[in-house]
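Below is one structure; the comments refer to it alone.
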Amino acid sequence: MEDEIRTLLHEAAPQPSDPAAFRLELNARLAAVEQIKAFRDREYRRSRRTMRIVFAAGILVGMVLAVLLILHPLDLPTLTEISLSDILKATGGKRLTYVLMFLGALTTACAIVLPLSLSRHHSRFLNL
Amino acid sequence: MVSAEQEPLRRFLLALCGDPAEADDIAQDAMVNAYVASGSFRGESRFGTWLFRIAYNCFIDRQRSHRLATGPLDERAEALSAGDRADAAFRFEDLHRAIRQLPEKERAALLLFYMEDRPVKEVAAILDIPAGSVRAYLTRGRQHLKSFLEPWKTK
């Protein structure tokens, strides 16, 4: 019985058509994969570079802000007692303080948003 | 390595799914997947086993997403034996029709064991099931094909 099935299946084994055409299409697909891989590597390197730049810029801006804050100390109330009127009172008339606060907020936003958007872009790309 | 496995893989997929274009498409997918994942091949099994397993998974994925053609079985059987229009081809059409009616794992086990001459251990690795289950599938498959073989023996 075993041998009969074996013989029969051997005899009835289908013959795949034109191996050359198959290989040709396979090579085309592999070339496409190579292109995608190269693109992915390029994107990955670019996003890594951007992240490094953002990181360095964040540190630089943070250091500049720290130096400016040391040079121009603010008389802000403690965090628990803080309110909008207190901030306005503390910063009233001080243009530099507004600029520093704006830069601080911008840096924080950059530090949060950029890595998030980059990682999302990256994971979307990797799922291709 | 890929070249050596190319023909057996295509033959197996063709017998498994019955549609030459679909079988070749699955084989292409499997080879591309193997190429992409070649870094994860640890050499625990033969390369051929690993490739067949990827191909079988591709076949299962396609079946799940209902991408396999659902044309009449007669057409598929005809495609399988298109090269030969003799009595033998007619008989083979019947055989392929009978095989196509077997449950998927049973069919794959029969084709790998009898048509591709893969040992039970390798079939188990490809189908990702224990060797005992492969033997059970083979026994059941033989029983199912028995009804086909009886009239064939009398011819």
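Ordered as shown in the structure tokens, chains take letters A, B, and onward, while each chain numbers its residues from 1 and ligands are numbered from 1 in the order shown.
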
Open item on the list: What are the residues of chain B lining chain A at 6 Å or less? Count only C-alpha atoms, and put the answer as JSON, numbers by chain.
Closed with: {"B": [11, 28, 80, 92, 114, 115]}

Shell around range 47-49 of chain B at 8 Å using only C-alpha atoms, local window under 2 positions removed, as a PDB file with N, CA and C atoms, in the first residue's frame:
```
ATOM      1  N   MET B   1      21.978  26.779  -2.832  1.00  0.00           N
ATOM      2  CA  MET B   1      21.048  26.049  -1.969  1.00  0.00           C
ATOM      3  C   MET B   1      19.606  26.260  -2.427  1.00  0.00           C
ATOM      4  N   GLU B   5      16.634  23.622  -4.139  1.00  0.00           N
ATOM      5  CA  GLU B   5      15.318  23.405  -3.521  1.00  0.00           C
ATOM      6  C   GLU B   5      14.178  23.964  -4.366  1.00  0.00           C
ATOM      7  N   GLY B  43      20.653  27.073  11.334  1.00  0.00           N
ATOM      8  CA  GLY B  43      21.231  25.795  10.913  1.00  0.00           C
ATOM      9  C   GLY B  43      20.811  24.625  11.788  1.00  0.00           C
ATOM     10  N   SER B  45      18.099  23.007  11.413  1.00  0.00           N
ATOM     11  CA  SER B  45      17.543  22.013  10.492  1.00  0.00           C
ATOM     12  C   SER B  45      18.204  22.237   9.132  1.00  0.00           C
ATOM     13  N   LEU B  51      13.173  26.240   4.401  1.00  0.00           N
ATOM     14  CA  LEU B  51      12.516  26.892   3.258  1.00  0.00           C
ATOM     15  C   LEU B  51      11.105  26.338   3.043  1.00  0.00           C
ATOM     16  N   PHE B  52      10.973  25.028   3.144  1.00  0.00           N
ATOM     17  CA  PHE B  52       9.651  24.404   2.982  1.00  0.00           C
ATOM     18  C   PHE B  52       8.699  24.875   4.083  1.00  0.00           C
ATOM     19  N   ARG B  53       9.242  25.063   5.257  1.00  0.00           N
ATOM     20  CA  ARG B  53       8.392  25.508   6.363  1.00  0.00           C
ATOM     21  C   ARG B  53       7.885  26.930   6.107  1.00  0.00           C
ATOM     22  N   GLU B 122      11.358  15.350   9.334  1.00  0.00           N
ATOM     23  CA  GLU B 122      11.434  16.579   8.546  1.00  0.00           C
ATOM     24  C   GLU B 122      10.029  17.122   8.231  1.00  0.00           C
ATOM     25  N   ALA B 125       8.846  18.873  11.162  1.00  0.00           N
ATOM     26  CA  ALA B 125       9.466  20.202  11.303  1.00  0.00           C
ATOM     27  C   ALA B 125       8.823  21.199  10.346  1.00  0.00           C
ATOM     28  N   ILE B 126       8.529  20.754   9.138  1.00  0.00           N
ATOM     29  CA  ILE B 126       7.938  21.655   8.132  1.00  0.00           C
ATOM     30  C   ILE B 126       6.526  22.063   8.536  1.00  0.00           C
TER      31      ILE B 126
END
```

Task: Atomic distance CA of Gly58 in chain A - CA of Ile70 in chain A, expressed in Å with one decimal - done: 17.9 Å

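Those residues that approach Ile59 in chain A to within 12 Å, counting only C-alpha atoms, are Arg52, Ile53, Val54, Phe55, Met63, Val64, Leu65, Ala66, Gly104, Thr107, Thr108, Cys110 and Ala111 of chain A; same-chain residues fewer than 4 positions away are not listed.
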
Output file for the selection above: C-alpha atoms, as a PDB file, in the first residue's frame:
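selection_24.pdb written:
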```
ATOM      1  CA  ARG A  52      21.353  63.057  17.586  1.00  0.00           C
ATOM      2  CA  ILE A  53      21.042  66.633  16.340  1.00  0.00           C
ATOM      3  CA  VAL A  54      17.840  67.154  18.341  1.00  0.00           C
ATOM      4  CA  PHE A  55      19.496  65.684  21.400  1.00  0.00           C
ATOM      5  CA  MET A  63      22.767  74.835  28.882  1.00  0.00           C
ATOM      6  CA  VAL A  64      22.209  78.293  27.394  1.00  0.00           C
ATOM      7  CA  LEU A  65      18.947  78.614  29.291  1.00  0.00           C
ATOM      8  CA  ALA A  66      20.595  77.458  32.498  1.00  0.00           C
ATOM      9  CA  GLY A 104      11.983  76.548  27.522  1.00  0.00           C
ATOM     10  CA  THR A 107      12.652  72.928  23.908  1.00  0.00           C
ATOM     11  CA  THR A 108      10.318  70.774  25.973  1.00  0.00           C
ATOM     12  CA  CYS A 110      10.749  69.515  20.726  1.00  0.00           C
ATOM     13  CA  ALA A 111      12.133  67.013  23.199  1.00  0.00           C
TER      14      ALA A 111
END
```

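Note that CA of Gly39 in chain B and CA of Arg118 in chain B are 24.9 Å apart.
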
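Distances here use only C-alpha atoms; by that measure, the residue among A:Val113, A:Ala57, A:Leu69, A:Ala38 closest to Tyr98 in chain A is A:Leu69.
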